[in-house]
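Enquirer: For reference, the file model_24.txt (compact mmCIF, N, CA and C atoms) is included below:
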```txt
# COMPACT_ATOMS: atom_id res chain seq x y z
N MET A 1 0.84 -1.18 0.00
CA MET A 1 0.00 0.00 0.00
C MET A 1 0.88 1.24 0.00
N PRO A 2 0.52 2.27 -0.76
CA PRO A 2 1.33 3.47 -0.83
C PRO A 2 1.47 4.11 0.54
N GLU A 3 2.60 4.75 0.75
CA GLU A 3 2.86 5.30 2.06
C GLU A 3 2.54 6.77 2.18
N ASP A 4 2.15 7.44 1.06
CA ASP A 4 1.81 8.84 1.21
C ASP A 4 0.45 8.93 1.87
N GLY A 5 0.34 9.72 2.89
CA GLY A 5 -0.87 9.79 3.68
C GLY A 5 -1.90 10.75 3.13
N ASN A 6 -1.85 11.05 1.85
CA ASN A 6 -2.77 12.02 1.28
C ASN A 6 -4.05 11.34 0.83
N GLY A 7 -5.17 11.76 1.40
CA GLY A 7 -6.46 11.27 0.95
C GLY A 7 -6.81 9.91 1.50
N ALA A 8 -8.04 9.52 1.17
CA ALA A 8 -8.57 8.25 1.64
C ALA A 8 -8.33 7.16 0.61
N TRP A 9 -8.44 5.92 1.05
CA TRP A 9 -8.33 4.75 0.18
C TRP A 9 -9.60 3.94 0.32
N TYR A 10 -10.09 3.43 -0.81
CA TYR A 10 -11.37 2.74 -0.81
C TYR A 10 -11.24 1.36 -1.42
N ILE A 11 -12.00 0.41 -0.87
CA ILE A 11 -12.06 -0.91 -1.49
C ILE A 11 -12.90 -0.78 -2.75
N ILE A 12 -12.84 -1.79 -3.60
CA ILE A 12 -13.45 -1.71 -4.92
C ILE A 12 -14.95 -1.42 -4.88
N SER A 13 -15.67 -2.00 -3.94
CA SER A 13 -17.13 -1.76 -3.91
C SER A 13 -17.45 -0.30 -3.60
N VAL A 14 -16.71 0.29 -2.68
CA VAL A 14 -16.93 1.69 -2.32
C VAL A 14 -16.48 2.60 -3.46
N ALA A 15 -15.32 2.29 -4.06
CA ALA A 15 -14.82 3.09 -5.18
C ALA A 15 -15.80 3.07 -6.35
N ALA A 16 -16.34 1.89 -6.65
CA ALA A 16 -17.31 1.77 -7.75
C ALA A 16 -18.55 2.61 -7.46
N GLN A 17 -19.00 2.55 -6.24
CA GLN A 17 -20.18 3.34 -5.86
C GLN A 17 -19.88 4.83 -5.98
N ARG A 18 -18.71 5.26 -5.52
CA ARG A 18 -18.37 6.69 -5.58
C ARG A 18 -18.22 7.16 -7.03
N ALA A 19 -17.70 6.29 -7.90
CA ALA A 19 -17.51 6.66 -9.31
C ALA A 19 -18.76 6.39 -10.15
N GLU A 20 -19.75 5.78 -9.53
CA GLU A 20 -21.01 5.44 -10.19
C GLU A 20 -20.80 4.51 -11.38
N VAL A 21 -19.98 3.47 -11.15
CA VAL A 21 -19.75 2.43 -12.15
C VAL A 21 -19.82 1.07 -11.46
N HIS A 22 -19.84 0.02 -12.25
CA HIS A 22 -19.84 -1.34 -11.72
C HIS A 22 -18.40 -1.72 -11.35
N GLU A 23 -18.24 -2.59 -10.39
CA GLU A 23 -16.91 -3.06 -9.99
C GLU A 23 -16.15 -3.64 -11.18
N GLN A 24 -16.86 -4.35 -12.06
CA GLN A 24 -16.19 -4.94 -13.23
C GLN A 24 -15.63 -3.85 -14.15
N THR A 25 -16.28 -2.69 -14.17
CA THR A 25 -15.77 -1.58 -14.97
C THR A 25 -14.41 -1.15 -14.44
N LEU A 26 -14.28 -1.07 -13.12
CA LEU A 26 -12.99 -0.70 -12.52
C LEU A 26 -11.92 -1.74 -12.87
N ARG A 27 -12.28 -3.01 -12.78
CA ARG A 27 -11.32 -4.06 -13.11
C ARG A 27 -10.91 -3.97 -14.59
N HIS A 28 -11.89 -3.70 -15.45
CA HIS A 28 -11.62 -3.59 -16.89
C HIS A 28 -10.68 -2.41 -17.16
N TYR A 29 -10.95 -1.27 -16.54
CA TYR A 29 -10.08 -0.11 -16.73
C TYR A 29 -8.68 -0.39 -16.23
N GLU A 30 -8.57 -1.16 -15.15
CA GLU A 30 -7.25 -1.54 -14.65
C GLU A 30 -6.53 -2.42 -15.66
N ARG A 31 -7.23 -3.41 -16.21
CA ARG A 31 -6.61 -4.29 -17.22
C ARG A 31 -6.12 -3.50 -18.42
N LEU A 32 -6.86 -2.45 -18.79
CA LEU A 32 -6.48 -1.61 -19.93
C LEU A 32 -5.36 -0.63 -19.58
N GLY A 33 -5.05 -0.53 -18.29
CA GLY A 33 -4.01 0.41 -17.87
C GLY A 33 -4.49 1.84 -17.72
N LEU A 34 -5.81 2.02 -17.68
CA LEU A 34 -6.36 3.37 -17.55
C LEU A 34 -6.31 3.87 -16.11
N ILE A 35 -6.35 2.94 -15.17
CA ILE A 35 -6.17 3.27 -13.75
C ILE A 35 -5.22 2.24 -13.16
N ALA A 36 -4.61 2.60 -12.06
CA ALA A 36 -3.66 1.70 -11.41
C ALA A 36 -3.87 1.74 -9.90
N PRO A 37 -4.90 1.03 -9.42
CA PRO A 37 -5.13 1.05 -7.97
C PRO A 37 -3.97 0.39 -7.23
N ALA A 38 -3.82 0.81 -6.00
CA ALA A 38 -2.80 0.21 -5.15
C ALA A 38 -3.28 -1.17 -4.70
N ARG A 39 -2.36 -1.95 -4.19
CA ARG A 39 -2.70 -3.25 -3.61
C ARG A 39 -2.37 -3.20 -2.13
N LYS A 40 -3.21 -3.85 -1.33
CA LYS A 40 -2.98 -3.85 0.11
C LYS A 40 -1.74 -4.65 0.49
N GLY A 41 -1.44 -5.69 -0.28
CA GLY A 41 -0.26 -6.51 -0.03
C GLY A 41 0.55 -6.64 -1.30
N ASN A 42 1.52 -7.55 -1.30
CA ASN A 42 2.39 -7.74 -2.47
C ASN A 42 1.81 -8.73 -3.48
N SER A 43 0.83 -9.49 -3.08
CA SER A 43 0.24 -10.50 -3.95
C SER A 43 -0.70 -9.86 -4.97
N PRO A 44 -0.73 -10.39 -6.20
CA PRO A 44 -1.68 -9.87 -7.18
C PRO A 44 -3.13 -10.14 -6.77
N HIS A 45 -3.32 -11.00 -5.77
CA HIS A 45 -4.67 -11.30 -5.29
C HIS A 45 -5.04 -10.44 -4.08
N SER A 46 -4.14 -9.55 -3.69
CA SER A 46 -4.44 -8.63 -2.58
C SER A 46 -5.56 -7.67 -3.01
N PRO A 47 -6.33 -7.23 -2.04
CA PRO A 47 -7.43 -6.30 -2.38
C PRO A 47 -6.92 -5.02 -3.03
N ARG A 48 -7.67 -4.55 -4.02
CA ARG A 48 -7.36 -3.28 -4.66
C ARG A 48 -7.79 -2.15 -3.73
N LEU A 49 -7.01 -1.09 -3.73
CA LEU A 49 -7.36 0.10 -2.97
C LEU A 49 -7.33 1.29 -3.91
N TYR A 50 -8.43 2.01 -3.98
CA TYR A 50 -8.57 3.12 -4.91
C TYR A 50 -8.48 4.44 -4.16
N SER A 51 -7.72 5.36 -4.73
CA SER A 51 -7.58 6.69 -4.15
C SER A 51 -8.64 7.62 -4.72
N ASP A 52 -8.74 8.79 -4.14
CA ASP A 52 -9.65 9.80 -4.69
C ASP A 52 -9.23 10.14 -6.12
N HIS A 53 -7.92 10.16 -6.38
CA HIS A 53 -7.42 10.43 -7.73
C HIS A 53 -7.91 9.37 -8.71
N ASP A 54 -7.87 8.09 -8.29
CA ASP A 54 -8.36 7.00 -9.16
C ASP A 54 -9.84 7.21 -9.48
N ILE A 55 -10.61 7.57 -8.48
CA ILE A 55 -12.04 7.75 -8.67
C ILE A 55 -12.30 8.94 -9.60
N GLU A 56 -11.57 10.03 -9.40
CA GLU A 56 -11.72 11.19 -10.28
C GLU A 56 -11.37 10.82 -11.72
N ARG A 57 -10.36 9.99 -11.87
CA ARG A 57 -9.95 9.57 -13.22
C ARG A 57 -11.05 8.74 -13.88
N VAL A 58 -11.69 7.85 -13.13
CA VAL A 58 -12.78 7.04 -13.67
C VAL A 58 -13.94 7.94 -14.08
N ILE A 59 -14.25 8.92 -13.25
CA ILE A 59 -15.32 9.86 -13.59
C ILE A 59 -14.96 10.62 -14.86
N HIS A 60 -13.70 10.99 -15.00
CA HIS A 60 -13.23 11.68 -16.22
C HIS A 60 -13.37 10.76 -17.44
N ILE A 61 -13.01 9.51 -17.30
CA ILE A 61 -13.13 8.53 -18.39
C ILE A 61 -14.59 8.43 -18.82
N ARG A 62 -15.47 8.27 -17.84
CA ARG A 62 -16.89 8.15 -18.16
C ARG A 62 -17.40 9.41 -18.86
N GLY A 63 -16.93 10.56 -18.43
CA GLY A 63 -17.33 11.81 -19.07
C GLY A 63 -16.86 11.89 -20.51
N LEU A 64 -15.63 11.48 -20.77
CA LEU A 64 -15.13 11.48 -22.15
C LEU A 64 -15.99 10.58 -23.04
N MET A 65 -16.34 9.43 -22.51
CA MET A 65 -17.13 8.49 -23.28
C MET A 65 -18.56 8.99 -23.47
N ARG A 66 -19.17 9.46 -22.40
CA ARG A 66 -20.57 9.87 -22.45
C ARG A 66 -20.76 11.21 -23.17
N ASP A 67 -19.97 12.21 -22.79
CA ASP A 67 -20.18 13.56 -23.30
C ASP A 67 -19.58 13.79 -24.68
N LEU A 68 -18.46 13.14 -24.95
CA LEU A 68 -17.77 13.38 -26.23
C LEU A 68 -17.85 12.20 -27.19
N GLY A 69 -18.36 11.08 -26.71
CA GLY A 69 -18.49 9.91 -27.57
C GLY A 69 -17.16 9.24 -27.89
N VAL A 70 -16.18 9.41 -27.02
CA VAL A 70 -14.86 8.83 -27.24
C VAL A 70 -14.90 7.36 -26.83
N ASN A 71 -14.32 6.48 -27.66
CA ASN A 71 -14.25 5.06 -27.29
C ASN A 71 -13.05 4.83 -26.36
N LEU A 72 -12.92 3.62 -25.83
CA LEU A 72 -11.86 3.35 -24.85
C LEU A 72 -10.46 3.54 -25.44
N ALA A 73 -10.28 3.21 -26.71
CA ALA A 73 -8.96 3.43 -27.33
C ALA A 73 -8.65 4.93 -27.36
N GLY A 74 -9.65 5.73 -27.68
CA GLY A 74 -9.47 7.18 -27.67
C GLY A 74 -9.21 7.71 -26.28
N VAL A 75 -9.95 7.17 -25.31
CA VAL A 75 -9.76 7.57 -23.92
C VAL A 75 -8.32 7.27 -23.50
N GLU A 76 -7.84 6.08 -23.87
CA GLU A 76 -6.47 5.70 -23.51
C GLU A 76 -5.47 6.70 -24.08
N ALA A 77 -5.64 7.06 -25.35
CA ALA A 77 -4.73 8.02 -25.98
C ALA A 77 -4.81 9.38 -25.29
N ILE A 78 -6.01 9.83 -25.00
CA ILE A 78 -6.19 11.12 -24.33
C ILE A 78 -5.54 11.12 -22.96
N LEU A 79 -5.77 10.06 -22.19
CA LEU A 79 -5.22 10.00 -20.83
C LEU A 79 -3.69 9.90 -20.84
N HIS A 80 -3.14 9.15 -21.80
CA HIS A 80 -1.68 9.06 -21.88
C HIS A 80 -1.09 10.42 -22.23
N MET A 81 -1.73 11.14 -23.14
CA MET A 81 -1.26 12.49 -23.47
C MET A 81 -1.39 13.42 -22.27
N LYS A 82 -2.52 13.32 -21.57
CA LYS A 82 -2.74 14.16 -20.39
C LYS A 82 -1.69 13.86 -19.32
N ASP A 83 -1.43 12.57 -19.08
CA ASP A 83 -0.42 12.18 -18.09
C ASP A 83 0.96 12.72 -18.48
N ARG A 84 1.27 12.60 -19.77
CA ARG A 84 2.57 13.08 -20.26
C ARG A 84 2.68 14.60 -20.09
N MET A 85 1.60 15.30 -20.40
CA MET A 85 1.61 16.75 -20.24
C MET A 85 1.77 17.14 -18.77
N GLU A 86 1.14 16.40 -17.87
CA GLU A 86 1.28 16.68 -16.44
C GLU A 86 2.71 16.44 -15.97
N ARG A 87 3.33 15.36 -16.47
CA ARG A 87 4.73 15.10 -16.11
C ARG A 87 5.64 16.21 -16.65
N MET A 88 5.38 16.63 -17.88
CA MET A 88 6.18 17.71 -18.47
C MET A 88 5.99 19.01 -17.70
N GLN A 89 4.76 19.29 -17.27
CA GLN A 89 4.49 20.48 -16.49
C GLN A 89 5.25 20.43 -15.17
N GLU A 90 5.25 19.26 -14.53
CA GLU A 90 5.98 19.11 -13.27
C GLU A 90 7.48 19.32 -13.49
N GLN A 91 8.01 18.78 -14.58
CA GLN A 91 9.43 18.98 -14.89
C GLN A 91 9.73 20.46 -15.12
N MET A 92 8.85 21.14 -15.85
CA MET A 92 9.04 22.57 -16.10
C MET A 92 8.99 23.36 -14.80
N THR A 93 8.08 23.00 -13.92
CA THR A 93 7.99 23.67 -12.63
C THR A 93 9.27 23.49 -11.85
N GLN A 94 9.80 22.26 -11.83
CA GLN A 94 11.05 21.99 -11.13
C GLN A 94 12.21 22.77 -11.74
N GLU A 95 12.27 22.81 -13.08
CA GLU A 95 13.33 23.55 -13.75
C GLU A 95 13.23 25.05 -13.45
N MET A 96 12.01 25.58 -13.42
CA MET A 96 11.83 26.99 -13.10
C MET A 96 12.28 27.29 -11.67
N LEU A 97 11.97 26.42 -10.74
CA LEU A 97 12.43 26.60 -9.36
C LEU A 97 13.95 26.60 -9.30
N GLN A 98 14.55 25.66 -10.01
CA GLN A 98 16.01 25.58 -10.02
C GLN A 98 16.62 26.84 -10.64
N MET A 99 16.03 27.31 -11.71
CA MET A 99 16.53 28.53 -12.36
C MET A 99 16.38 29.74 -11.43
N ARG A 100 15.27 29.82 -10.72
CA ARG A 100 15.08 30.94 -9.78
C ARG A 100 16.12 30.89 -8.67
N GLU A 101 16.38 29.68 -8.17
CA GLU A 101 17.39 29.54 -7.12
C GLU A 101 18.77 29.92 -7.64
N GLN A 102 19.10 29.50 -8.87
CA GLN A 102 20.39 29.87 -9.47
C GLN A 102 20.46 31.38 -9.67
N HIS A 103 19.38 31.98 -10.13
CA HIS A 103 19.35 33.42 -10.34
C HIS A 103 19.56 34.16 -9.03
N ALA A 104 18.86 33.74 -7.99
CA ALA A 104 19.00 34.38 -6.68
C ALA A 104 20.44 34.23 -6.17
N SER A 105 21.01 33.08 -6.33
CA SER A 105 22.39 32.84 -5.89
C SER A 105 23.36 33.72 -6.66
N GLU A 106 23.19 33.79 -7.96
CA GLU A 106 24.08 34.61 -8.78
C GLU A 106 23.90 36.09 -8.46
N THR A 107 22.68 36.50 -8.20
CA THR A 107 22.42 37.90 -7.83
C THR A 107 23.12 38.24 -6.52
N ARG A 108 23.04 37.33 -5.54
CA ARG A 108 23.73 37.55 -4.25
C ARG A 108 25.24 37.64 -4.46
N ARG A 109 25.75 36.74 -5.32
CA ARG A 109 27.20 36.74 -5.58
C ARG A 109 27.65 38.05 -6.22
N LEU A 110 26.88 38.52 -7.20
CA LEU A 110 27.24 39.76 -7.89
C LEU A 110 27.09 40.97 -6.96
N LYS A 111 26.07 40.98 -6.12
CA LYS A 111 25.90 42.08 -5.16
C LYS A 111 27.07 42.12 -4.19
N ASP A 112 27.53 40.95 -3.79
CA ASP A 112 28.67 40.87 -2.89
C ASP A 112 29.92 41.44 -3.57
N ILE A 113 30.12 41.11 -4.84
CA ILE A 113 31.27 41.63 -5.58
C ILE A 113 31.17 43.15 -5.69
N ILE A 114 29.98 43.66 -6.00
CA ILE A 114 29.79 45.11 -6.13
C ILE A 114 30.08 45.81 -4.81
N GLU A 115 29.58 45.24 -3.71
CA GLU A 115 29.83 45.84 -2.39
C GLU A 115 31.32 45.86 -2.08
N ARG A 116 32.02 44.77 -2.38
CA ARG A 116 33.48 44.75 -2.11
C ARG A 116 34.21 45.73 -3.00
N LEU A 117 33.77 45.90 -4.25
CA LEU A 117 34.39 46.87 -5.13
C LEU A 117 34.17 48.30 -4.61
N GLN A 118 32.94 48.55 -4.13
CA GLN A 118 32.65 49.88 -3.61
C GLN A 118 33.45 50.19 -2.36
N ARG A 119 33.75 49.19 -1.56
CA ARG A 119 34.55 49.38 -0.36
C ARG A 119 36.04 49.41 -0.69
N GLY A 120 36.36 48.99 -1.90
CA GLY A 120 37.75 48.95 -2.31
C GLY A 120 38.51 47.76 -1.76
N SER A 121 37.80 46.69 -1.43
CA SER A 121 38.48 45.53 -0.84
C SER A 121 38.84 44.46 -1.88
N LEU A 122 38.61 44.74 -3.14
CA LEU A 122 39.04 43.80 -4.19
C LEU A 122 40.29 44.36 -4.86
N PRO A 123 41.20 43.47 -5.27
CA PRO A 123 42.42 43.97 -5.90
C PRO A 123 42.16 44.64 -7.22
```
Mind converting the file's structure to structure tokens?
Expert:
Amino acid sequence: MPEDGNGAWYIISVAAQRAEVHEQTLRHYERLGLIAPARKGNSPHSPRLYSDHDIERVIHIRGLMRDLGVNLAGVEAILHMKDRMERMQEQMTQEMLQMREQHASETRRLKDIIERLQRGSLP
């Protein structure tokens, strides 16, 4: 079971009820790789545990199919692109943080040089 303590975890019957789908639908989506519920133990027969994120994803899948008429192959393509875009966004966010930290460090270094020059303490 995942160790991040964010949010609740639900057994398949509760998750299906919250997502307003049948339990078999959740199993089918898992087989297709559209969702990846956690397992309570290491065995493939361990109970599935669904997060709020998993449930939101199932609701999104159902919406794509119902509202836009997208089939499961299309849903898979859309979700993989969405996941990739989210990973890219996270990478960009991390790179921006790193660049800001480098900028701040370089600014401090240059200010220090300017102050020493103004005091005449540099050769």
Enquirer: I want to know what sits within 10 Å of region 44-54 of chain A, based on only C-alpha atoms, with residues of the same chain fewer than 5 positions away left out; could you give that as a list in words?
Expert: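 That gives Met1, Pro2, Asn6, Gly7, Ala8, Trp9, Tyr10, Ile11, Ile12, Ser13, Val14, Ala15, Ala16, Arg18, Ala19, Leu26, Arg27, Leu34, Ile35, Ala36, Pro37, Ala38, Arg39, Ile59 and His60 of chain A.
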Enquirer: For Gly33 (chain A), which of A:Asp83, A:Glu95, A:Glu76, A:Glu90 is the closest residue, counting all atoms listed in the file?
Expert: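 Result for the nearest residue to Gly33 (chain A): A:Glu76.
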Enquirer: Give the answer as one residue: which of A:Arg31, A:Asn42, A:Glu20, A:Arg87 has the shortest atom-to-atom distance to Gly63 (chain A), using only C-alpha atoms?
Expert: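 So, comparing all the options, the nearest one is A:Glu20.
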Enquirer: Show me, as lines of an AutoDock Vina configuration file, the centre and edge lengths in Å to one decimal of the axis-aligned box that covers every listed atom of region 52-66 of chain A with 5 Å on each side.
Expert:
```
center_x = -14.1
center_y = 9.4
center_z = -13.8
size_x = 23.3
size_y = 14.9
size_z = 29.3
```
Enquirer: To test your reading of the structure, identify every residue in chain A that backbone DSSP assigns to strand (DSSP E or B), and report it as a list in words.
Expert: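 So the strand (DSSP E or B) residues in chain A would be Trp9, Tyr10, Ala38, Arg39, Arg48, Leu49, Tyr50 and Ser51 of chain A.
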Enquirer: Which residues in chain A does DSSP call helix (DSSP H, G or I)? List them as an MDAnalysis selection string.
Expert: chainID A and resid 12:19 23:32 52:68 72:119
Enquirer: One decimal, in Å: what's the spacing between CA of Gln89 (chain A) and CA of Gly69 (chain A)?
Expert: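 These atoms are spaced 27.6 Å apart.
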Enquirer: Report the distance between atom N of Leu32 (chain A) and CA of Leu68 (chain A) in Å, rounded to one decimal place.
Expert: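 Spanning atom N of Leu32 (chain A) to CA of Leu68 (chain A) is a straight-line distance of 20.6 Å.
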